[in-house]
Every structure is written in structure tokens, then in C-alpha cells.
Amino acid sequence: MPFAHLPMPILYGISDFFYLILLTFFPYRKEVIIRNLDRCYPELSKKEKRKLMRKNYFHLSNILAEGIKNLSISKNRLQKRFVIDNVEIFDKFFEEGKSVIIASSHYSNWEYLITVQNLAIKQRAIGIGKPLSKKFMNRKINALRERNGMKVVSAKNYKEEITRRMEEGELMAILALADQAPSRKNAYWTKFYDKETSWTFGPEYMAHQFDFPVVFLKTKRIKRGYYSSEASIITAEPTKEPYGSITETYVGLMEQQIKEKPEYWLWTHKRFRHETPENLDEVKQKHREHFYKRFGKI
């Protein structure tokens, strides 16, 4: 891609122009953003929500410029632009011969995280995700994400891939951007912004399935184009954790992160597509029983 070799100041100039287009001619997913903000920030006035939306559009335009540069950026420059501050947490697990699960979200620059992870963390980077419906685009995006050693694995067949690598003695750092909308059938329901919200249960399920510690990455924007991420341990012994505790901790940490700087979350996605079921208590009980049937009651 020819634009990928342009200097960042020029790319940011293009992104500023794109930002103006988002504000005036092409308000990308404006209805979705407003609906999400209405749900999470009902106390804000329309003017305040529009201001937050404008900040979110500016962030998206920056992500676009940085995503283009990510096609050609060197490993050294990438590692300067995205730093994991306390990587020693992962080093300790590595020395103990342990793989880990990284629970993160579509916050700040998640694409930088995906491409830098294998350079920053000793365990082999594995990304769990949902394949795009368009196979051509799915291959292209995965090729970009894998160029520094990340292996992208479909959520549909992650078990076979992880089991094989475990049998070969490979230590892994499995990245799950766990703020994606889950299937209604497998959703875990809990409070988010004081409202019952459905969440993917994947990280917690994998943690119990493979007995991998779970680490949360909190990413913040330092300045334009530069990010740092701070690791915190959700649990080092997942099989000793009661049902739901890993997911509850993750959701709480993520909500806290978003509230600090909400403009850096991906509000353009339909995070809240599932309406709260009328028989919510029954749904929660069935989900809990399925967990206990699979892993036993703690």
C-alpha cells in the first residue's frame, strides 16, 4: 500500500481531513454511537454527547492513519509507539513454564497491541477472534496481524490449536479482545454501566479449560500515536476461582478504563445488541449450571 510509507505527519494530515468528513458528510455509524452513549451516559446532555462523539471520531481518524502506517512500520518504531510497561509479569509466568490469557478490549490502539505483542512478551502470541464474513478481507487483515509472529486462531477451533501447542511444549500468550458482542446462547450477563449486559465468557472458560493465568491489559494514550499498556493479574490460579469471578473482574476493570477516557473506546460497534431477557434469573442459572457441569462446583 503506497500510503503506508508516508511520514506520520502527512498521514495525520490525511486523517484530520477524514475527521472533517466524518463530522460533516459521512457521520459513520452516528446512530449506533448515540444509542450506545444514551445507554451508558443518560445523564449527559445532547451537546455533551455530541462532543464525546466528535472526540471519538477524531480518535477513529487517528487509528486509521496509524493502521495504515502499521503496514510498513519497523519493529523498533512499533515497540517505541506501543510499550507494555510491566512486562515482568509475563516474564515470571514464562519462567514458571506457564502460558497466559490476556483479556483486553477495543480501546486505544488495539491493532498496535496485536502486532507488537509477540515482540514484547516471551510467550508466543496467539489471537482468538471471530473470522470476518468476507474471506478475502479476513486473510488480508490476518496477514497484517501475523507479520510479527502473532498467530490468529478462529474462536471456532481454538481448542485444537491450543491443545496441539501445549503438547509440543510451547508457552502461549492468548489475546482475547473480550468486549465483542457474544452469541445470545453463550452470553454471561452482568452489570455494565449499571445495566444488565451480555458478555463473552470465552476468557474465563479457557482459563478453567487449560488452567492458564489471566492478565488484564489497561492501555492508555500517551500522546498522538504513542500508547502504553499496564498489565494486572486477574488470577494466577483460575481453577480455584468461583464461577463468574474472572469475567466480573474483567468487566469491572474495563468499565473503569473506559470511564477515565471514554472517547478511546470503539463506540461505533453494536455492543448491546441483546435485549435483557425477561427470564434473566433463569438464563443466569442455566449458564451457571452448564459451567458446574463442565468444571465441577467450586
# chains A, B, ... in the order shown; residues from 1 in each chain; ligands from 1

call {"tool": "closest_atom_pairs", "arguments": {"of": "region 188-211 of chain A", "to": "region 170-179 of chain A", "cutoff": "9 Å", "atoms": "only C-alpha atoms", "output": "Markdown table"}}
result
| residue | atom | partner | partner_atom | distance |
| --- | --- | --- | --- | --- |
| A:Trp199 | CA | A:Asp179 | CA | 7.0 |
| A:Thr200 | CA | A:Ala178 | CA | 6.3 |
| A:Phe201 | CA | A:Ala178 | CA | 8.2 |
| A:Gly202 | CA | A:Ala178 | CA | 7.6 |
| A:Pro203 | CA | A:Ala176 | CA | 6.7 |

call {"tool": "write_last_selection", "arguments": {"atoms": "N, CA and C atoms", "output": "short mmCIF file (atom, residue, chain, number, x, y, z; two decimals), in the first residue's frame"}}
result
data_model
loop_
_atom_site.label_atom_id
_atom_site.label_comp_id
_atom_site.auth_asym_id
_atom_site.auth_seq_id
_atom_site.Cartn_x
_atom_site.Cartn_y
_atom_site.Cartn_z
N TRP A 199 -22.02 -10.61 27.92
CA TRP A 199 -20.58 -10.64 27.69
C TRP A 199 -20.13 -12.00 27.20
N THR A 200 -19.07 -12.01 26.41
CA THR A 200 -18.48 -13.28 26.02
C THR A 200 -17.83 -13.91 27.25
N PHE A 201 -17.98 -15.21 27.37
CA PHE A 201 -17.47 -15.95 28.52
C PHE A 201 -16.16 -16.67 28.17
N GLY A 202 -15.66 -16.41 26.94
CA GLY A 202 -14.51 -17.14 26.42
C GLY A 202 -13.28 -17.13 27.30
N PRO A 203 -12.77 -15.95 27.73
CA PRO A 203 -11.55 -15.94 28.55
C PRO A 203 -11.68 -16.77 29.82
#

call {"tool": "closest_atom_pairs", "arguments": {"of": "region 148-215 of chain A", "to": "region 269-291 of chain A", "cutoff": "8 Å", "atoms": "only C-alpha atoms", "output": "CSV"}}
result
residue,atom,partner,partner_atom,distance
A:Asp179,CA,A:Arg271,CA,7.6
A:Gln180,CA,A:Arg271,CA,6.7
A:Ala181,CA,A:Arg271,CA,5.4
A:Arg184,CA,A:His274,CA,6.9
A:Asn186,CA,A:His287,CA,7.5
A:Tyr188,CA,A:His287,CA,7.2
A:Trp189,CA,A:Lys284,CA,6.8
A:Glu196,CA,A:Thr276,CA,6.6
A:Thr197,CA,A:Phe272,CA,6.8
A:Ser198,CA,A:His274,CA,6.9

call {"tool": "write_last_selection", "arguments": {"atoms": "all heavy atoms", "output": "compact mmCIF listing (two decimals), in the first residue's frame"}}
result
# COMPACT_ATOMS: atom_id res chain seq x y z
N ASP A 179 -14.50 -7.66 24.60
CA ASP A 179 -15.65 -6.76 24.63
C ASP A 179 -16.51 -6.91 23.38
O ASP A 179 -17.36 -6.06 23.11
CB ASP A 179 -15.20 -5.31 24.79
CG ASP A 179 -14.23 -4.87 23.71
OD1 ASP A 179 -13.67 -5.73 23.00
OD2 ASP A 179 -14.01 -3.65 23.56
N GLN A 180 -16.29 -7.98 22.61
CA GLN A 180 -17.14 -8.22 21.45
C GLN A 180 -18.50 -8.74 21.89
O GLN A 180 -18.61 -9.41 22.92
CB GLN A 180 -16.47 -9.23 20.51
CG GLN A 180 -15.23 -8.69 19.82
CD GLN A 180 -14.59 -9.73 18.92
OE1 GLN A 180 -14.50 -10.89 19.26
NE2 GLN A 180 -14.14 -9.29 17.76
N ALA A 181 -19.53 -8.46 21.09
CA ALA A 181 -20.86 -8.95 21.42
C ALA A 181 -20.88 -10.47 21.32
O ALA A 181 -20.47 -11.03 20.30
CB ALA A 181 -21.89 -8.34 20.46
N ARG A 184 -26.08 -15.03 21.85
CA ARG A 184 -27.07 -15.00 22.94
C ARG A 184 -27.02 -16.28 23.77
O ARG A 184 -27.17 -16.26 25.00
CB ARG A 184 -28.47 -14.81 22.36
CG ARG A 184 -29.58 -14.75 23.40
CD ARG A 184 -30.94 -14.59 22.74
NE ARG A 184 -31.08 -13.28 22.15
CZ ARG A 184 -31.48 -12.20 22.82
NH1 ARG A 184 -31.75 -12.28 24.11
NH2 ARG A 184 -31.62 -11.05 22.22
N ASN A 186 -24.51 -18.32 24.55
CA ASN A 186 -23.38 -18.49 25.48
C ASN A 186 -23.06 -17.26 26.30
O ASN A 186 -22.01 -17.20 26.93
CB ASN A 186 -22.14 -18.92 24.68
CG ASN A 186 -22.35 -20.23 23.95
OD1 ASN A 186 -22.90 -21.17 24.51
ND2 ASN A 186 -21.90 -20.30 22.70
N TYR A 188 -22.73 -14.38 29.06
CA TYR A 188 -22.70 -14.20 30.51
C TYR A 188 -23.27 -12.81 30.80
O TYR A 188 -22.81 -11.82 30.23
CB TYR A 188 -21.26 -14.30 31.03
CG TYR A 188 -21.12 -14.06 32.51
CD1 TYR A 188 -21.20 -15.10 33.42
CD2 TYR A 188 -20.88 -12.77 33.02
CE1 TYR A 188 -21.07 -14.89 34.78
CE2 TYR A 188 -20.76 -12.54 34.38
CZ TYR A 188 -20.85 -13.61 35.26
OH TYR A 188 -20.73 -13.39 36.60
N TRP A 189 -24.24 -12.74 31.68
CA TRP A 189 -24.91 -11.47 31.96
C TRP A 189 -24.43 -10.89 33.28
O TRP A 189 -24.38 -11.57 34.31
CB TRP A 189 -26.43 -11.67 32.02
CG TRP A 189 -27.04 -11.91 30.68
CD1 TRP A 189 -27.15 -13.11 30.02
CD2 TRP A 189 -27.60 -10.93 29.80
NE1 TRP A 189 -27.74 -12.94 28.80
CE2 TRP A 189 -28.04 -11.61 28.64
CE3 TRP A 189 -27.79 -9.54 29.89
CZ2 TRP A 189 -28.65 -10.93 27.57
CZ3 TRP A 189 -28.40 -8.87 28.84
CH2 TRP A 189 -28.82 -9.58 27.69
N GLU A 196 -27.83 -4.48 33.02
CA GLU A 196 -27.50 -5.86 32.67
C GLU A 196 -27.06 -5.92 31.22
O GLU A 196 -27.75 -5.45 30.31
CB GLU A 196 -28.71 -6.77 32.90
CG GLU A 196 -29.04 -7.03 34.36
CD GLU A 196 -28.01 -7.94 35.04
OE1 GLU A 196 -27.20 -8.55 34.32
OE2 GLU A 196 -28.05 -8.03 36.29
N THR A 197 -25.89 -6.50 30.99
CA THR A 197 -25.27 -6.55 29.66
C THR A 197 -24.70 -7.93 29.42
O THR A 197 -24.18 -8.57 30.33
CB THR A 197 -24.14 -5.50 29.56
OG1 THR A 197 -24.66 -4.21 29.94
CG2 THR A 197 -23.59 -5.42 28.15
N SER A 198 -24.80 -8.40 28.18
CA SER A 198 -24.27 -9.71 27.82
C SER A 198 -22.80 -9.62 27.47
O SER A 198 -22.37 -8.68 26.79
CB SER A 198 -25.06 -10.29 26.65
OG SER A 198 -24.98 -9.44 25.51

call {"tool": "atom_distance", "arguments": {"atom1": "CA of Phe212 (chain A)", "atom2": "CA of Gln79 (chain A)"}}
result
26.0 Å

call {"tool": "closest_atom_pairs", "arguments": {"of": "region 84-176 of chain A", "to": "region 55-70 of chain A", "cutoff": "9 Å", "atoms": "only C-alpha atoms", "output": "CSV"}}
result
residue,atom,partner,partner_atom,distance
A:Ser108,CA,A:His59,CA,8.2
A:Asn109,CA,A:Ile63,CA,6.6
A:Glu111,CA,A:Gly67,CA,7.1
A:Tyr112,CA,A:Asn70,CA,7.4
A:Thr115,CA,A:Asn70,CA,8.3
A:Leu144,CA,A:Asn70,CA,8.3

call {"tool": "residues_around", "arguments": {"residues": "Leu217 (chain A)", "least_positions_apart": "6", "cutoff": "9 Å", "atoms": "only C-alpha atoms", "output": "list in words"}}
result
Ile84, Ile102, Ala103, Ser104, Ser105, Ser229, Glu230, Ala231, Ser232 and Ile233 of chain A

call {"tool": "residues_around", "arguments": {"residues": "Tyr193 (chain A)", "least_positions_apart": "5", "cutoff": "12 Å", "atoms": "only C-alpha atoms", "output": "list in words"}}
result
Asn36, Leu37, Asp38, Arg39, Cys40, Tyr41, Pro42, Glu43, Val251, Gly252, Met254, Glu255, Gln256, Ile258, Lys259 and Phe272 of chain A

call {"tool": "residues_around", "arguments": {"residues": "Arg50 (chain A)", "least_positions_apart": "3", "cutoff": "10 Å", "atoms": "only C-alpha atoms", "output": "tab-separated table (two decimals) with all heavy atoms, in the first residue's frame"}}
result
chain	number	residue	atom	x	y	z
A	30	LYS	N	-23.32	7.03	13.18
A	30	LYS	CA	-23.72	8.03	14.17
A	30	LYS	C	-24.84	7.52	15.06
A	30	LYS	O	-24.82	7.73	16.29
A	30	LYS	CB	-24.17	9.31	13.45
A	30	LYS	CG	-24.69	10.40	14.36
A	30	LYS	CD	-25.13	11.61	13.56
A	30	LYS	CE	-25.71	12.69	14.46
A	30	LYS	NZ	-26.16	13.87	13.67
A	33	ILE	N	-23.48	5.11	17.68
A	33	ILE	CA	-22.74	5.82	18.73
A	33	ILE	C	-23.69	6.50	19.70
A	33	ILE	O	-23.55	6.36	20.93
A	33	ILE	CB	-21.78	6.86	18.11
A	33	ILE	CG1	-20.71	6.18	17.26
A	33	ILE	CG2	-21.11	7.68	19.22
A	33	ILE	CD1	-19.81	7.15	16.51
A	34	ILE	N	-24.64	7.23	19.16
A	34	ILE	CA	-25.59	7.96	20.02
A	34	ILE	C	-26.40	6.98	20.87
A	34	ILE	O	-26.62	7.22	22.08
A	34	ILE	CB	-26.53	8.84	19.17
A	34	ILE	CG1	-25.73	9.98	18.51
A	34	ILE	CG2	-27.65	9.42	20.03
A	34	ILE	CD1	-25.07	10.92	19.49
A	37	LEU	N	-24.16	5.77	23.64
A	37	LEU	CA	-23.93	6.82	24.63
A	37	LEU	C	-25.19	7.09	25.46
A	37	LEU	O	-25.12	7.36	26.66
A	37	LEU	CB	-23.46	8.10	23.95
A	37	LEU	CG	-22.08	8.04	23.29
A	37	LEU	CD1	-21.74	9.38	22.64
A	37	LEU	CD2	-20.99	7.65	24.29
A	44	LEU	N	-25.83	12.76	30.50
A	44	LEU	CA	-25.22	13.79	29.67
A	44	LEU	C	-26.27	14.46	28.78
A	44	LEU	O	-27.21	13.82	28.32
A	44	LEU	CB	-24.12	13.19	28.79
A	44	LEU	CG	-22.89	12.62	29.50
A	44	LEU	CD1	-21.88	12.14	28.46
A	44	LEU	CD2	-22.25	13.66	30.42
A	45	SER	N	-26.08	15.74	28.51
A	45	SER	CA	-26.95	16.45	27.59
A	45	SER	C	-26.63	16.05	26.15
A	45	SER	O	-25.58	15.44	25.89
A	45	SER	CB	-26.77	17.96	27.75
A	45	SER	OG	-25.45	18.34	27.36
A	46	LYS	N	-27.48	16.40	25.22
A	46	LYS	CA	-27.21	16.11	23.81
A	46	LYS	C	-25.92	16.77	23.35
A	46	LYS	O	-25.15	16.19	22.57
A	46	LYS	CB	-28.39	16.58	22.95
A	46	LYS	CG	-29.65	15.73	23.09
A	46	LYS	CD	-30.73	16.20	22.13
A	46	LYS	CE	-31.97	15.32	22.22
A	46	LYS	NZ	-33.03	15.77	21.27
A	47	LYS	N	-25.70	17.97	23.83
A	47	LYS	CA	-24.48	18.70	23.46
A	47	LYS	C	-23.24	17.96	23.96
A	47	LYS	O	-22.23	17.85	23.24
A	47	LYS	CB	-24.52	20.11	24.04
A	47	LYS	CG	-23.34	20.98	23.65
A	47	LYS	CD	-23.48	22.39	24.23
A	47	LYS	CE	-22.27	23.25	23.84
A	47	LYS	NZ	-22.40	24.63	24.40
A	53	MET	N	-18.87	12.27	20.96
A	53	MET	CA	-18.86	11.62	19.66
A	53	MET	C	-17.80	12.22	18.75
A	53	MET	O	-17.10	11.49	18.04
A	53	MET	CB	-20.24	11.71	18.99
A	53	MET	CG	-20.32	10.98	17.66
A	53	MET	SD	-21.97	11.03	16.91
A	53	MET	CE	-22.04	12.77	16.46
A	54	ARG	N	-17.65	13.54	18.78
A	54	ARG	CA	-16.62	14.20	17.97
A	54	ARG	C	-15.22	13.73	18.39
A	54	ARG	O	-14.35	13.48	17.54
A	54	ARG	CB	-16.74	15.72	18.07
A	54	ARG	CG	-17.95	16.30	17.34
A	54	ARG	CD	-17.81	17.80	17.15
A	54	ARG	NE	-17.77	18.52	18.41
A	54	ARG	CZ	-18.83	18.97	19.06
A	54	ARG	NH1	-20.05	18.78	18.55
A	54	ARG	NH2	-18.70	19.64	20.20
A	55	LYS	N	-15.01	13.62	19.69
A	55	LYS	CA	-13.72	13.12	20.18
A	55	LYS	C	-13.48	11.70	19.72
A	55	LYS	O	-12.35	11.32	19.37
A	55	LYS	CB	-13.67	13.18	21.71
A	55	LYS	CG	-13.55	14.58	22.29
A	55	LYS	CD	-13.44	14.52	23.80
A	55	LYS	CE	-13.24	15.89	24.41
A	55	LYS	NZ	-13.12	15.83	25.89
A	56	ASN	N	-14.54	10.90	19.71
A	56	ASN	CA	-14.43	9.51	19.27
A	56	ASN	C	-14.11	9.43	17.78
A	56	ASN	O	-13.29	8.62	17.34
A	56	ASN	CB	-15.72	8.76	19.58
A	56	ASN	CG	-15.57	7.26	19.47
A	56	ASN	OD1	-16.39	6.57	18.85
A	56	ASN	ND2	-14.54	6.70	20.08

call {"tool": "closest_residue", "arguments": {"among": "A:Met166, A:Lys240, A:Ser183, A:Ser99", "to": "Lys130 (chain A)", "atoms": "only C-alpha atoms"}}
result
A:Ser183

call {"tool": "decode", "arguments": {"residues": "region 122-245 of chain A", "atoms": "C-alpha atoms", "output": "PDB file, in the first residue's frame"}}
result
ATOM      1  CA  LYS A 122       8.156 -14.084  25.650  1.00  0.00           C
ATOM      2  CA  GLN A 123       5.170 -16.413  25.332  1.00  0.00           C
ATOM      3  CA  ARG A 124       4.090 -16.997  21.723  1.00  0.00           C
ATOM      4  CA  ALA A 125       1.320 -14.591  20.755  1.00  0.00           C
ATOM      5  CA  ILE A 126      -1.988 -16.240  19.880  1.00  0.00           C
ATOM      6  CA  GLY A 127      -5.025 -14.155  18.948  1.00  0.00           C
ATOM      7  CA  ILE A 128      -8.533 -15.580  19.333  1.00  0.00           C
ATOM      8  CA  GLY A 129     -11.105 -13.916  17.116  1.00  0.00           C
ATOM      9  CA  LYS A 130     -14.207 -14.228  15.004  1.00  0.00           C
ATOM     10  CA  PRO A 131     -13.438 -14.574  11.281  1.00  0.00           C
ATOM     11  CA  LEU A 132     -14.804 -11.827   9.031  1.00  0.00           C
ATOM     12  CA  SER A 133     -17.640 -12.819   6.712  1.00  0.00           C
ATOM     13  CA  LYS A 134     -15.588 -11.742   3.679  1.00  0.00           C
ATOM     14  CA  LYS A 135     -12.800 -14.327   3.369  1.00  0.00           C
ATOM     15  CA  PHE A 136     -10.525 -12.116   1.246  1.00  0.00           C
ATOM     16  CA  MET A 137     -10.527  -9.313   3.819  1.00  0.00           C
ATOM     17  CA  ASN A 138     -10.138 -11.842   6.620  1.00  0.00           C
ATOM     18  CA  ARG A 139      -6.954 -13.215   5.011  1.00  0.00           C
ATOM     19  CA  LYS A 140      -5.522  -9.745   4.388  1.00  0.00           C
ATOM     20  CA  ILE A 141      -6.167  -8.482   7.922  1.00  0.00           C
ATOM     21  CA  ASN A 142      -4.827 -11.671   9.498  1.00  0.00           C
ATOM     22  CA  ALA A 143      -1.679 -11.457   7.362  1.00  0.00           C
ATOM     23  CA  LEU A 144      -1.066  -7.960   8.749  1.00  0.00           C
ATOM     24  CA  ARG A 145      -1.708  -9.057  12.304  1.00  0.00           C
ATOM     25  CA  GLU A 146       0.589 -12.070  11.968  1.00  0.00           C
ATOM     26  CA  ARG A 147       3.575 -10.295  10.414  1.00  0.00           C
ATOM     27  CA  ASN A 148       5.498 -10.064  13.732  1.00  0.00           C
ATOM     28  CA  GLY A 149       4.728 -13.585  14.909  1.00  0.00           C
ATOM     29  CA  MET A 150       1.137 -13.389  16.169  1.00  0.00           C
ATOM     30  CA  LYS A 151      -0.899 -16.466  15.203  1.00  0.00           C
ATOM     31  CA  VAL A 152      -4.580 -15.675  14.637  1.00  0.00           C
ATOM     32  CA  VAL A 153      -6.902 -18.549  15.543  1.00  0.00           C
ATOM     33  CA  SER A 154     -10.628 -18.772  14.914  1.00  0.00           C
ATOM     34  CA  ALA A 155     -12.797 -18.935  18.006  1.00  0.00           C
ATOM     35  CA  LYS A 156     -14.485 -21.928  16.365  1.00  0.00           C
ATOM     36  CA  ASN A 157     -11.442 -24.206  16.571  1.00  0.00           C
ATOM     37  CA  TYR A 158      -9.173 -22.652  19.198  1.00  0.00           C
ATOM     38  CA  LYS A 159      -9.203 -25.796  21.371  1.00  0.00           C
ATOM     39  CA  GLU A 160      -7.405 -27.961  18.831  1.00  0.00           C
ATOM     40  CA  GLU A 161      -4.774 -25.305  18.125  1.00  0.00           C
ATOM     41  CA  ILE A 162      -4.021 -24.583  21.780  1.00  0.00           C
ATOM     42  CA  THR A 163      -4.007 -28.270  22.748  1.00  0.00           C
ATOM     43  CA  ARG A 164      -1.550 -29.074  19.961  1.00  0.00           C
ATOM     44  CA  ARG A 165       0.819 -26.319  21.011  1.00  0.00           C
ATOM     45  CA  MET A 166       0.584 -27.395  24.665  1.00  0.00           C
ATOM     46  CA  GLU A 167       1.520 -30.940  23.685  1.00  0.00           C
ATOM     47  CA  GLU A 168       4.530 -29.533  21.801  1.00  0.00           C
ATOM     48  CA  GLY A 169       5.597 -27.663  24.948  1.00  0.00           C
ATOM     49  CA  GLU A 170       5.011 -24.180  23.570  1.00  0.00           C
ATOM     50  CA  LEU A 171       4.157 -21.390  26.015  1.00  0.00           C
ATOM     51  CA  MET A 172       1.488 -19.016  24.747  1.00  0.00           C
ATOM     52  CA  ALA A 173       0.053 -15.579  25.480  1.00  0.00           C
ATOM     53  CA  ILE A 174      -3.520 -15.834  24.219  1.00  0.00           C
ATOM     54  CA  LEU A 175      -5.057 -12.467  23.432  1.00  0.00           C
ATOM     55  CA  ALA A 176      -8.826 -12.130  23.705  1.00  0.00           C
ATOM     56  CA  LEU A 177     -10.466  -8.776  22.960  1.00  0.00           C
ATOM     57  CA  ALA A 178     -13.354  -9.755  25.157  1.00  0.00           C
ATOM     58  CA  ASP A 179     -15.653  -6.763  24.631  1.00  0.00           C
ATOM     59  CA  GLN A 180     -17.138  -8.219  21.447  1.00  0.00           C
ATOM     60  CA  ALA A 181     -20.864  -8.948  21.415  1.00  0.00           C
ATOM     61  CA  PRO A 182     -21.359 -12.629  22.328  1.00  0.00           C
ATOM     62  CA  SER A 183     -23.841 -15.109  20.970  1.00  0.00           C
ATOM     63  CA  ARG A 184     -27.071 -14.999  22.941  1.00  0.00           C
ATOM     64  CA  LYS A 185     -26.796 -18.709  23.763  1.00  0.00           C
ATOM     65  CA  ASN A 186     -23.384 -18.493  25.478  1.00  0.00           C
ATOM     66  CA  ALA A 187     -23.632 -14.999  26.941  1.00  0.00           C
ATOM     67  CA  TYR A 188     -22.699 -14.198  30.513  1.00  0.00           C
ATOM     68  CA  TRP A 189     -24.909 -11.472  31.964  1.00  0.00           C
ATOM     69  CA  THR A 190     -23.674  -8.882  34.443  1.00  0.00           C
ATOM     70  CA  LYS A 191     -23.933  -5.175  35.220  1.00  0.00           C
ATOM     71  CA  PHE A 192     -22.060  -2.728  32.969  1.00  0.00           C
ATOM     72  CA  TYR A 193     -22.739   0.974  33.431  1.00  0.00           C
ATOM     73  CA  ASP A 194     -25.434  -0.120  35.920  1.00  0.00           C
ATOM     74  CA  LYS A 195     -27.352  -2.115  33.293  1.00  0.00           C
ATOM     75  CA  GLU A 196     -27.504  -5.856  32.674  1.00  0.00           C
ATOM     76  CA  THR A 197     -25.273  -6.545  29.663  1.00  0.00           C
ATOM     77  CA  SER A 198     -24.271  -9.711  27.820  1.00  0.00           C
ATOM     78  CA  TRP A 199     -20.578 -10.636  27.686  1.00  0.00           C
ATOM     79  CA  THR A 200     -18.475 -13.279  26.023  1.00  0.00           C
ATOM     80  CA  PHE A 201     -17.465 -15.953  28.522  1.00  0.00           C
ATOM     81  CA  GLY A 202     -14.509 -17.136  26.420  1.00  0.00           C
ATOM     82  CA  PRO A 203     -11.549 -15.944  28.547  1.00  0.00           C
ATOM     83  CA  GLU A 204     -12.993 -17.405  31.744  1.00  0.00           C
ATOM     84  CA  TYR A 205     -13.955 -20.650  30.025  1.00  0.00           C
ATOM     85  CA  MET A 206     -10.458 -21.026  28.512  1.00  0.00           C
ATOM     86  CA  ALA A 207      -8.830 -20.220  31.842  1.00  0.00           C
ATOM     87  CA  HIS A 208     -10.641 -23.102  33.535  1.00  0.00           C
ATOM     88  CA  GLN A 209     -10.265 -25.345  30.497  1.00  0.00           C
ATOM     89  CA  PHE A 210      -6.464 -25.032  30.284  1.00  0.00           C
ATOM     90  CA  ASP A 211      -5.597 -23.684  33.766  1.00  0.00           C
ATOM     91  CA  PHE A 212      -3.930 -20.561  32.336  1.00  0.00           C
ATOM     92  CA  PRO A 213      -3.498 -17.398  34.457  1.00  0.00           C
ATOM     93  CA  VAL A 214      -5.498 -14.389  33.244  1.00  0.00           C
ATOM     94  CA  VAL A 215      -3.934 -10.940  32.861  1.00  0.00           C
ATOM     95  CA  PHE A 216      -5.736  -7.693  32.079  1.00  0.00           C
ATOM     96  CA  LEU A 217      -4.059  -5.083  29.873  1.00  0.00           C
ATOM     97  CA  LYS A 218      -5.060  -1.486  30.512  1.00  0.00           C
ATOM     98  CA  THR A 219      -3.948   0.682  27.602  1.00  0.00           C
ATOM     99  CA  LYS A 220      -3.732   4.461  27.651  1.00  0.00           C
ATOM    100  CA  ARG A 221      -2.840   7.074  25.055  1.00  0.00           C
ATOM    101  CA  ILE A 222       0.340   8.955  25.955  1.00  0.00           C
ATOM    102  CA  LYS A 223       0.189  11.354  23.028  1.00  0.00           C
ATOM    103  CA  ARG A 224      -0.785  11.169  19.381  1.00  0.00           C
ATOM    104  CA  GLY A 225       0.480   7.839  18.041  1.00  0.00           C
ATOM    105  CA  TYR A 226       2.012   6.646  21.332  1.00  0.00           C
ATOM    106  CA  TYR A 227       0.465   4.220  23.805  1.00  0.00           C
ATOM    107  CA  SER A 228       1.427   2.315  26.921  1.00  0.00           C
ATOM    108  CA  SER A 229      -0.211  -0.696  28.459  1.00  0.00           C
ATOM    109  CA  GLU A 230      -0.168  -1.787  32.082  1.00  0.00           C
ATOM    110  CA  ALA A 231      -0.651  -5.440  32.991  1.00  0.00           C
ATOM    111  CA  SER A 232      -2.526  -6.556  36.102  1.00  0.00           C
ATOM    112  CA  ILE A 233      -3.205 -10.134  37.168  1.00  0.00           C
ATOM    113  CA  ILE A 234      -6.874 -11.082  37.328  1.00  0.00           C
ATOM    114  CA  THR A 235      -5.981 -14.542  38.629  1.00  0.00           C
ATOM    115  CA  ALA A 236      -2.880 -16.714  38.759  1.00  0.00           C
ATOM    116  CA  GLU A 237      -4.872 -19.819  39.704  1.00  0.00           C
ATOM    117  CA  PRO A 238      -8.071 -19.804  37.638  1.00  0.00           C
ATOM    118  CA  THR A 239      -9.298 -23.272  38.617  1.00  0.00           C
ATOM    119  CA  LYS A 240      -9.579 -22.053  42.213  1.00  0.00           C
ATOM    120  CA  GLU A 241     -11.797 -19.143  41.195  1.00  0.00           C
ATOM    121  CA  PRO A 242     -15.591 -19.422  41.621  1.00  0.00           C
ATOM    122  CA  TYR A 243     -17.893 -19.191  38.628  1.00  0.00           C
ATOM    123  CA  GLY A 244     -18.084 -15.722  37.144  1.00  0.00           C
ATOM    124  CA  SER A 245     -15.317 -14.091  39.157  1.00  0.00           C
TER     125      SER A 245
END
